[in-house]
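Q: Pasting in a structure now, in structure tokens, and then I'll have a few things to ask.
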Amino acid sequence: MRKWNLGSPDPISLTLAADARFTSLDYKNDHIWELEFGGSEPAAIAIRTTYGLRARAMRIFPRFSEGGDPISDPAAFVTPPRVTAFYANFLEISFSPLKDLDIIAEYWIPDSHTLSCRLTLLNRSSEEREIGIELVAVLSPLEGKIFQPEQMQAVNVLAGKTGDLVPVIFLTGGPAHGSSPHPSLNLKLALGSRGKRSVTWAQAALAEKEDSFELARKTLTRQWDAERARIELTNASQSIDIETGDPAWDAAFALSQQAAFRLFFNASDDLPHPSFVSARLPDHGHSLTEDGSDYTSSWRGQTPLESYYLASLLPGIPEMGQGLVKNFLAVQDEKGVIDHKPGLAGQRSKILAAPLLASLTWKLYQESQNQNFLAESYPALQKFFWAWFNSEHDRNHDNLPEWDHPLQTGFEDHPLFSRWHPWSRGVDISTVHSPSLFAALYREAQSLAKISEIVGKKNDIAVLKVQSDLLLKGLQACWEPRSSSFKHLDRDSNLAQRGKILIRQTGGGEIKLKESFEKPIRLLIEIRAKDHAPRRPGAEISEFVTKAGDDEFLAPLDFKPTHAGSVATSKKVYTKIGKITIDDVGEEDKIIIRTVNLSADDQTQLLPLWAGMLDEQQARTLVSRTLSNADRFDRPFGLPACPSPPTKAAEALCLSVHLPWNQFVIEGMLAYGYQSEATRLFAHLMNGIIQNLQENNAFYERYNAEVGTGVGERNALVGLAPVGLFLQILGVRILSSTRVRLEGVNPFPWVVKLRYRGLEVERGMSTTKITFPNGKQAEVTDEAPCIVSI
């Protein structure tokens, strides 16, 4: 494996957690750690956690001395710390706190409750020396006590208590208890000329002190070098080492693969294959209910969009992506329905999964060539596809379904459909025909047709073709030539009109509008409560003021809670409105009645490019006038979610770059032959990722499209550098250590080297050299797609 040398100006991420590939994780009680270089008081190379918010803070750090005062601040070291190796559960750094004294610190998380570290000291001078090591532990408990010096089984240890945990720290070498202001364990190490010595410590945190001590003691008996070798060999066989002409890109790709591995948890009683959490940070991992039911969204299950993105981050082990697909299929009911977000502890979202599973299955097959996986998955994927076309999801029975919930889109902060921001409208998404849903279903149909060819179900292709044609026709109705983009259409009027406010007033009762409209409109009724509490009024919409008509009644349950009250969308469309009567609202509650506005652009409307639903002219205009237009989507750090935020307050979320959606667009660009545009956009994405790794030592959930600053949760899955997408742009697909697929040319400004299980691919500007594990070589200059194998 590669030896790294990353310091403070370089892209680094220093989170550590137990790795499900080596141990059985505790999903309900998982301790996550993060290393910091001098960020807190006292300044030190400290590894910290909160045990999932069971402590205000927990920090462990070393101090070094030689005759004088101990030193811990890396800013005062002779040589500052450098990261030399990193894996999901292992981190190695090197530094020199004192002259001619080199330290290698290796941190390892063997399981969900344990942290261990080996310190190796190397005396580079010719003199004998005595070096003092002080291991300091600072615990700020929410309930409990700080670390205390104790002796257990004739060994000096530190023990504390926070919440239901009793952490114990054990240091080898026979330490004494320290006398500094902070609890510590002290050692004096004699180092001969050019001498080297190692000491190891472990921290374990279980509910009983004796159990914590025993776990820490057992951890220190494990063979460190053998454990490290196992970690290195496993990662060498499951990740792809990428060497570009930019070391920052190399580090980002390597860090992303390790961060992706870190997100996985073992299979459970509710999911038969390993699943993942969306982020794994020191504040995560503790379930107060002890069953995971109280976890926040990022720990409550796997979604199709996140699964698609995660699978693409790990091109070296498509089996993990296959397991995610099998998890979805395992929760399918007899009607073909698959839950959108099944969780490890049995959590369910109770909405239909987004239709991306056949597309993911086909993508994984292309990387693995595993026909058994296709054959096993195909029947369930077929049933799932057709589940989208029943009346529950196709409300006007036109064979063109509607989304049921904004969560299905993977863009829950959508200004049109979200109900939880002052600037969002809260329109019922089921009243809209969405280009993104048509595109996802069309791609599913195309993927199923390809799979059916391989698994011997060719008779299914004809009916899939019929449904594909209906989706394509529906999608083309969404195309707006004037703006060179697709628009959301009203489900019943098939129009994308600009909205307007019809009336603002205080208090309810009968509201006479007497409005006529040239084209049918849909109403949005918003109640802004004086106390910001949800309201459950009733409303009656009448076409006439006095005479009876086909009135529409909105029941209290039709009004959905918002950030400031409630909102309801009319079920019908209107060309005439006489009056609206609203009951059960306060006299000081504000009422705003408007027509639904479907004119805005957003990232979900770009999905047809990925689905291959555009003709060549449409693709050309979409790429040139919409995606490459600086007044719309073309921004310095990627495509924004919504290029024209509705208000200033909405800019932070609307101008955020969502990497999965950008990936879809880039994959679409590549399919239509726009490799240079795809490469340029990818470079923009990498600029934001690397900027945050350098400045904040973290990936972020999203990145600001204008300035690149991180937005949302740190080290989130959907903010990791898209490794597989880079390989797609490069035109290289590693099928195994003996088979490589090549296509096109290398569009990047430098030679790229890929290493995987003894295979090396060197992708130059015009020539690709392949060296197989047995030493045999091949050279390819042809741009046509080909497979090179031995």
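Every chain in the structure tokens has a letter given in the order shown (A, B, ...), and although residue numbers restart at 1 in each chain, ligands are simply numbered from 1 in the order shown.
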Among segment 67-293 of chain A, which residues carry a DSSP assignment of alpha helix (DSSP H), reported as a ChimeraX atom specification?
A: /A:209-221,224-238,247-262
Q: I want to know what sits within 12 Å of Ser40 of chain A, based on only C-alpha atoms, with residues of the same chain fewer than 6 positions away left out; could you give that as a PyMOL selection string?
A: chain A and resi 46-48+57-61+72-74+138
Q: Would you mind exporting N, CA and C atoms of the selected residues as a PDB file, in the first residue's frame?
A:
```pdb
ATOM      1  N   ALA A  46      -4.566  14.968  19.889  1.00  0.00           N
ATOM      2  CA  ALA A  46      -5.557  14.323  20.751  1.00  0.00           C
ATOM      3  C   ALA A  46      -6.565  13.553  19.911  1.00  0.00           C
ATOM      4  N   ILE A  47      -6.966  12.416  20.418  1.00  0.00           N
ATOM      5  CA  ILE A  47      -8.050  11.672  19.801  1.00  0.00           C
ATOM      6  C   ILE A  47      -9.261  11.830  20.715  1.00  0.00           C
ATOM      7  N   ARG A  48     -10.386  12.160  20.114  1.00  0.00           N
ATOM      8  CA  ARG A  48     -11.533  12.585  20.922  1.00  0.00           C
ATOM      9  C   ARG A  48     -12.812  11.879  20.495  1.00  0.00           C
ATOM     10  N   ALA A  57     -17.177  15.869  26.351  1.00  0.00           N
ATOM     11  CA  ALA A  57     -15.947  15.663  25.592  1.00  0.00           C
ATOM     12  C   ALA A  57     -15.121  14.582  26.260  1.00  0.00           C
ATOM     13  N   MET A  58     -14.361  13.881  25.447  1.00  0.00           N
ATOM     14  CA  MET A  58     -13.405  12.883  25.936  1.00  0.00           C
ATOM     15  C   MET A  58     -12.181  12.991  25.038  1.00  0.00           C
ATOM     16  N   ARG A  59     -11.020  13.303  25.607  1.00  0.00           N
ATOM     17  CA  ARG A  59      -9.795  13.477  24.835  1.00  0.00           C
ATOM     18  C   ARG A  59      -8.667  12.677  25.482  1.00  0.00           C
ATOM     19  N   ILE A  60      -7.869  12.032  24.643  1.00  0.00           N
ATOM     20  CA  ILE A  60      -6.673  11.324  25.102  1.00  0.00           C
ATOM     21  C   ILE A  60      -5.508  11.815  24.261  1.00  0.00           C
ATOM     22  N   PHE A  61      -4.407  12.194  24.920  1.00  0.00           N
ATOM     23  CA  PHE A  61      -3.263  12.715  24.171  1.00  0.00           C
ATOM     24  C   PHE A  61      -1.959  12.461  24.936  1.00  0.00           C
ATOM     25  N   SER A  72       3.219  19.087  24.525  1.00  0.00           N
ATOM     26  CA  SER A  72       2.119  18.390  23.836  1.00  0.00           C
ATOM     27  C   SER A  72       1.643  19.137  22.605  1.00  0.00           C
ATOM     28  N   ASP A  73       1.886  20.442  22.543  1.00  0.00           N
ATOM     29  CA  ASP A  73       1.371  21.259  21.447  1.00  0.00           C
ATOM     30  C   ASP A  73       2.155  20.969  20.167  1.00  0.00           C
ATOM     31  N   PRO A  74       1.496  20.444  19.122  1.00  0.00           N
ATOM     32  CA  PRO A  74       2.220  20.131  17.889  1.00  0.00           C
ATOM     33  C   PRO A  74       2.836  21.359  17.226  1.00  0.00           C
ATOM     34  N   VAL A 138      -8.680  13.423  29.403  1.00  0.00           N
ATOM     35  CA  VAL A 138      -9.557  14.473  29.911  1.00  0.00           C
ATOM     36  C   VAL A 138     -10.994  14.108  29.555  1.00  0.00           C
TER      37      VAL A 138
END
```
Q: Once DSSP has gone over the backbone, tell me which residues of segment 506-535 of chain A are in strand (DSSP E), as an MDAnalysis selection string.
A: chainID A and resid 506 509:528
Q: At a cut-off of 12 Å, using only C-alpha atoms, what residues contact Pro9 of chain A? Leave out same-chain residues fewer than 5 positions from it and give the result as a short mmCIF file (atom, residue, chain, number, x, y, z; two decimals) with all heavy atoms, in the first residue's frame.
A:
```
data_model
loop_
_atom_site.label_atom_id
_atom_site.label_comp_id
_atom_site.auth_asym_id
_atom_site.auth_seq_id
_atom_site.Cartn_x
_atom_site.Cartn_y
_atom_site.Cartn_z
N PRO A 80 6.20 18.85 12.77
CA PRO A 80 4.77 18.68 13.04
C PRO A 80 4.27 17.33 12.54
O PRO A 80 4.94 16.65 11.74
CB PRO A 80 4.13 19.82 12.25
CG PRO A 80 5.11 20.13 11.16
CD PRO A 80 6.47 19.87 11.73
N PRO A 81 3.09 16.92 12.97
CA PRO A 81 2.58 15.60 12.58
C PRO A 81 2.25 15.51 11.09
O PRO A 81 1.76 16.46 10.49
CB PRO A 81 1.32 15.44 13.44
CG PRO A 81 0.94 16.83 13.83
CD PRO A 81 2.19 17.60 13.92
N ARG A 82 2.52 14.33 10.53
CA ARG A 82 2.18 14.01 9.15
C ARG A 82 1.44 12.68 9.14
O ARG A 82 1.81 11.74 9.86
CB ARG A 82 3.43 13.88 8.28
CG ARG A 82 4.41 15.03 8.38
CD ARG A 82 3.97 16.24 7.62
NE ARG A 82 3.90 16.01 6.17
CZ ARG A 82 3.56 16.97 5.31
NH1 ARG A 82 3.23 18.19 5.75
NH2 ARG A 82 3.53 16.72 4.02
N VAL A 83 0.40 12.58 8.34
CA VAL A 83 -0.35 11.34 8.19
C VAL A 83 0.38 10.47 7.17
O VAL A 83 0.58 10.87 6.03
CB VAL A 83 -1.79 11.60 7.74
CG1 VAL A 83 -2.52 10.28 7.51
CG2 VAL A 83 -2.52 12.44 8.77
N PRO A 247 -1.47 15.26 -6.34
CA PRO A 247 -1.50 14.50 -5.07
C PRO A 247 -2.75 14.75 -4.23
O PRO A 247 -3.17 13.86 -3.49
CB PRO A 247 -0.23 14.97 -4.34
CG PRO A 247 0.67 15.49 -5.42
CD PRO A 247 -0.24 16.08 -6.45
N ALA A 248 -3.32 15.94 -4.35
CA ALA A 248 -4.54 16.23 -3.58
C ALA A 248 -5.70 15.36 -4.06
O ALA A 248 -6.50 14.86 -3.26
CB ALA A 248 -4.89 17.71 -3.69
N ILE A 690 -11.73 19.14 -2.17
CA ILE A 690 -10.35 19.28 -1.69
C ILE A 690 -10.20 20.53 -0.83
O ILE A 690 -9.50 20.52 0.19
CB ILE A 690 -9.38 19.28 -2.88
CG1 ILE A 690 -9.32 17.88 -3.50
CG2 ILE A 690 -7.99 19.74 -2.46
CD1 ILE A 690 -8.62 17.80 -4.82
N GLN A 691 -10.87 21.60 -1.20
CA GLN A 691 -10.82 22.81 -0.39
C GLN A 691 -11.23 22.54 1.05
O GLN A 691 -10.58 23.01 2.01
CB GLN A 691 -11.73 23.87 -1.01
CG GLN A 691 -11.88 25.15 -0.18
CD GLN A 691 -12.81 26.15 -0.86
OE1 GLN A 691 -12.58 26.55 -1.99
NE2 GLN A 691 -13.87 26.56 -0.16
N ASN A 692 -12.28 21.77 1.24
CA ASN A 692 -12.76 21.49 2.59
C ASN A 692 -11.89 20.48 3.32
O ASN A 692 -11.72 20.57 4.54
CB ASN A 692 -14.21 21.01 2.52
CG ASN A 692 -15.17 22.16 2.31
OD1 ASN A 692 -15.58 22.82 3.24
ND2 ASN A 692 -15.50 22.41 1.04
N LEU A 693 -11.33 19.52 2.60
CA LEU A 693 -10.38 18.60 3.24
C LEU A 693 -9.15 19.35 3.72
O LEU A 693 -8.59 19.03 4.78
CB LEU A 693 -9.98 17.49 2.26
CG LEU A 693 -11.04 16.43 1.96
CD1 LEU A 693 -10.58 15.53 0.83
CD2 LEU A 693 -11.34 15.59 3.21
N GLN A 694 -8.72 20.34 2.97
CA GLN A 694 -7.53 21.10 3.36
C GLN A 694 -7.83 22.06 4.51
O GLN A 694 -7.03 22.19 5.44
CB GLN A 694 -7.01 21.87 2.15
CG GLN A 694 -6.41 20.99 1.07
CD GLN A 694 -6.06 21.76 -0.19
OE1 GLN A 694 -6.71 22.76 -0.52
NE2 GLN A 694 -5.06 21.29 -0.91
N GLU A 695 -8.97 22.73 4.45
CA GLU A 695 -9.26 23.77 5.43
C GLU A 695 -9.93 23.23 6.69
O GLU A 695 -9.70 23.73 7.79
CB GLU A 695 -10.16 24.84 4.80
CG GLU A 695 -9.48 25.60 3.66
CD GLU A 695 -10.41 26.61 3.01
OE1 GLU A 695 -11.59 26.69 3.43
OE2 GLU A 695 -9.96 27.31 2.08
N ASN A 696 -10.77 22.20 6.55
CA ASN A 696 -11.57 21.70 7.67
C ASN A 696 -11.34 20.24 8.00
O ASN A 696 -11.98 19.70 8.90
CB ASN A 696 -13.06 21.92 7.37
CG ASN A 696 -13.39 23.36 7.05
OD1 ASN A 696 -12.98 24.27 7.76
ND2 ASN A 696 -14.11 23.58 5.96
N ASN A 697 -10.45 19.58 7.26
CA ASN A 697 -10.15 18.16 7.47
C ASN A 697 -11.42 17.31 7.44
O ASN A 697 -11.58 16.37 8.22
CB ASN A 697 -9.43 17.94 8.81
CG ASN A 697 -8.05 18.57 8.83
OD1 ASN A 697 -7.55 18.99 7.80
ND2 ASN A 697 -7.45 18.64 9.99
#
```
Q: Could you list, with a cut-off of 10 Å and counting only C-alpha atoms, the residues of segment 241-262 of chain A near segment 745-751 of chain A, each shown with its nearest atom pair and the distance in Å rounded to one decimal, rows sorted by chain and ascending number, as JSON lines?
A:
```
{"residue": "A:Glu243", "atom": "CA", "partner": "A:Val751", "partner_atom": "CA", "distance": 8.4}
{"residue": "A:Thr244", "atom": "CA", "partner": "A:Val751", "partner_atom": "CA", "distance": 6.4}
{"residue": "A:Gly245", "atom": "CA", "partner": "A:Trp750", "partner_atom": "CA", "distance": 5.3}
{"residue": "A:Asp246", "atom": "CA", "partner": "A:Trp750", "partner_atom": "CA", "distance": 8.4}
```
Q: Please dump the current selection as an mmCIF file, in the first residue's frame; keep C-alpha atoms.
A:
```cif
data_model
loop_
_atom_site.group_PDB
_atom_site.id
_atom_site.type_symbol
_atom_site.label_atom_id
_atom_site.label_comp_id
_atom_site.auth_asym_id
_atom_site.auth_seq_id
_atom_site.Cartn_x
_atom_site.Cartn_y
_atom_site.Cartn_z
ATOM 1 C CA GLU A 243 -2.256 8.063 -8.795
ATOM 2 C CA THR A 244 -2.923 11.176 -10.851
ATOM 3 C CA GLY A 245 -0.750 14.191 -11.510
ATOM 4 C CA ASP A 246 -2.346 15.929 -8.532
#
```
Q: Just want the 6 Å neighbourhood of His113 of chain A, counted on only C-alpha atoms, with same-chain residues fewer than 4 positions away dropped. Output as a list in words.
A: His31, Ala204 and Ala205 of chain A
Q: Would you mind listing what lies within 8 Å of Leu374 of chain A as number ranges by chain, with only C-alpha atoms counted and same-chain residues fewer than 6 positions away left out?
A: A: 361-362, 365, 451, 455
Q: Keeping only N, CA, C and O atoms, take the residues you just selected and write them out as a CSV table (one decimal), in the first residue's frame.
A:
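As a result, part19.csv now contains:
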```
chain,number,residue,atom,x,y,z
A,361,THR,N,-28.6,-2.3,-10.2
A,361,THR,CA,-28.3,-3.7,-10.5
A,361,THR,C,-27.5,-3.8,-11.8
A,361,THR,O,-26.5,-4.6,-11.8
A,362,TRP,N,-27.9,-3.2,-12.8
A,362,TRP,CA,-27.3,-3.2,-14.1
A,362,TRP,C,-25.8,-2.6,-14.0
A,362,TRP,O,-24.9,-3.2,-14.6
A,365,TYR,N,-23.7,-5.1,-12.3
A,365,TYR,CA,-23.3,-6.2,-13.2
A,365,TYR,C,-22.2,-5.8,-14.2
A,365,TYR,O,-21.3,-6.6,-14.5
A,451,ILE,N,-31.3,-6.6,-18.7
A,451,ILE,CA,-31.2,-7.8,-17.8
A,451,ILE,C,-31.9,-9.0,-18.4
A,451,ILE,O,-31.5,-10.1,-18.3
A,455,VAL,N,-30.8,-13.0,-18.7
A,455,VAL,CA,-31.3,-14.0,-17.9
A,455,VAL,C,-32.4,-14.9,-18.6
A,455,VAL,O,-33.1,-15.7,-18.0
```
Q: Please tabulate, as CSV, the residues of segment 268-332 of chain A that come within 12 Å of segment 155-172 of chain A, each with its closest pair of atoms and the distance in Å to one decimal, counting only C-alpha atoms and ordering rows by chain, then residue number upward.
A:
```
residue,atom,partner,partner_atom,distance
A:His286,CA,A:Asp164,CA,10.6
A:Ser287,CA,A:Asp164,CA,11.7
A:Leu288,CA,A:Asp164,CA,10.3
A:Glu290,CA,A:Asp164,CA,11.7
```
Q: Name the residues in contact with segment 389-394 of chain A at a cut-off of 9 Å, using only C-alpha atoms, excluding same-chain residues fewer than 6 positions from it; report them as an MDAnalysis selection string.
A: chainID A and resid 400:404 430
Q: Please produce an output containing N, CA, C and O atoms for each residue in the selection, written as an mmCIF file, in the first residue's frame.
A:
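Written output follows (part-v6.cif):
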```cif
data_model
loop_
_atom_site.group_PDB
_atom_site.id
_atom_site.type_symbol
_atom_site.label_atom_id
_atom_site.label_comp_id
_atom_site.auth_asym_id
_atom_site.auth_seq_id
_atom_site.Cartn_x
_atom_site.Cartn_y
_atom_site.Cartn_z
ATOM 1 N N LEU A 400 -48.684 7.465 -16.028
ATOM 2 C CA LEU A 400 -47.554 8.330 -15.709
ATOM 3 C C LEU A 400 -47.633 8.645 -14.213
ATOM 4 O O LEU A 400 -48.393 9.536 -13.806
ATOM 5 N N PRO A 401 -46.901 7.921 -13.369
ATOM 6 C CA PRO A 401 -47.037 8.069 -11.913
ATOM 7 C C PRO A 401 -46.517 9.416 -11.409
ATOM 8 O O PRO A 401 -45.841 10.164 -12.123
ATOM 9 N N GLU A 402 -46.823 9.664 -10.149
ATOM 10 C CA GLU A 402 -46.332 10.853 -9.461
ATOM 11 C C GLU A 402 -45.541 10.414 -8.219
ATOM 12 O O GLU A 402 -45.797 9.347 -7.655
ATOM 13 N N TRP A 403 -44.604 11.234 -7.823
ATOM 14 C CA TRP A 403 -43.944 10.999 -6.538
ATOM 15 C C TRP A 403 -44.985 11.068 -5.423
ATOM 16 O O TRP A 403 -45.963 11.820 -5.511
ATOM 17 N N ASP A 404 -44.736 10.322 -4.352
ATOM 18 C CA ASP A 404 -45.621 10.354 -3.184
ATOM 19 C C ASP A 404 -45.115 11.307 -2.112
ATOM 20 O O ASP A 404 -45.906 11.854 -1.332
ATOM 21 N N SER A 430 -47.520 15.065 -5.130
ATOM 22 C CA SER A 430 -48.325 14.112 -5.901
ATOM 23 C C SER A 430 -49.234 14.803 -6.917
ATOM 24 O O SER A 430 -49.866 14.142 -7.736
#
```
Q: Quick one: pull the distance between atom CA of His421 of chain A and atom CA of Phe637 of chain A, Å, one decimal.
A: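 Value for the atom CA of His421 of chain A-atom CA of Phe637 of chain A distance: 24.4 Å.
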Q: Hey, can you check how far atom CA of His182 of chain A sits from atom CA of Phe77 of chain A?
A: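 Computed distance, atom CA of His182 of chain A to atom CA of Phe77 of chain A, equals 20.8 Å.
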Q: Between A:Leu622, A:Val325, A:Ile104, A:Leu187, which residue has the minimum interatomic distance to Arg63 of chain A, considering only C-alpha atoms?
A: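 Checking each of A:Leu622, A:Val325, A:Ile104, A:Leu187 against Arg63 of chain A, counting only C-alpha atoms, the winner is A:Leu187.
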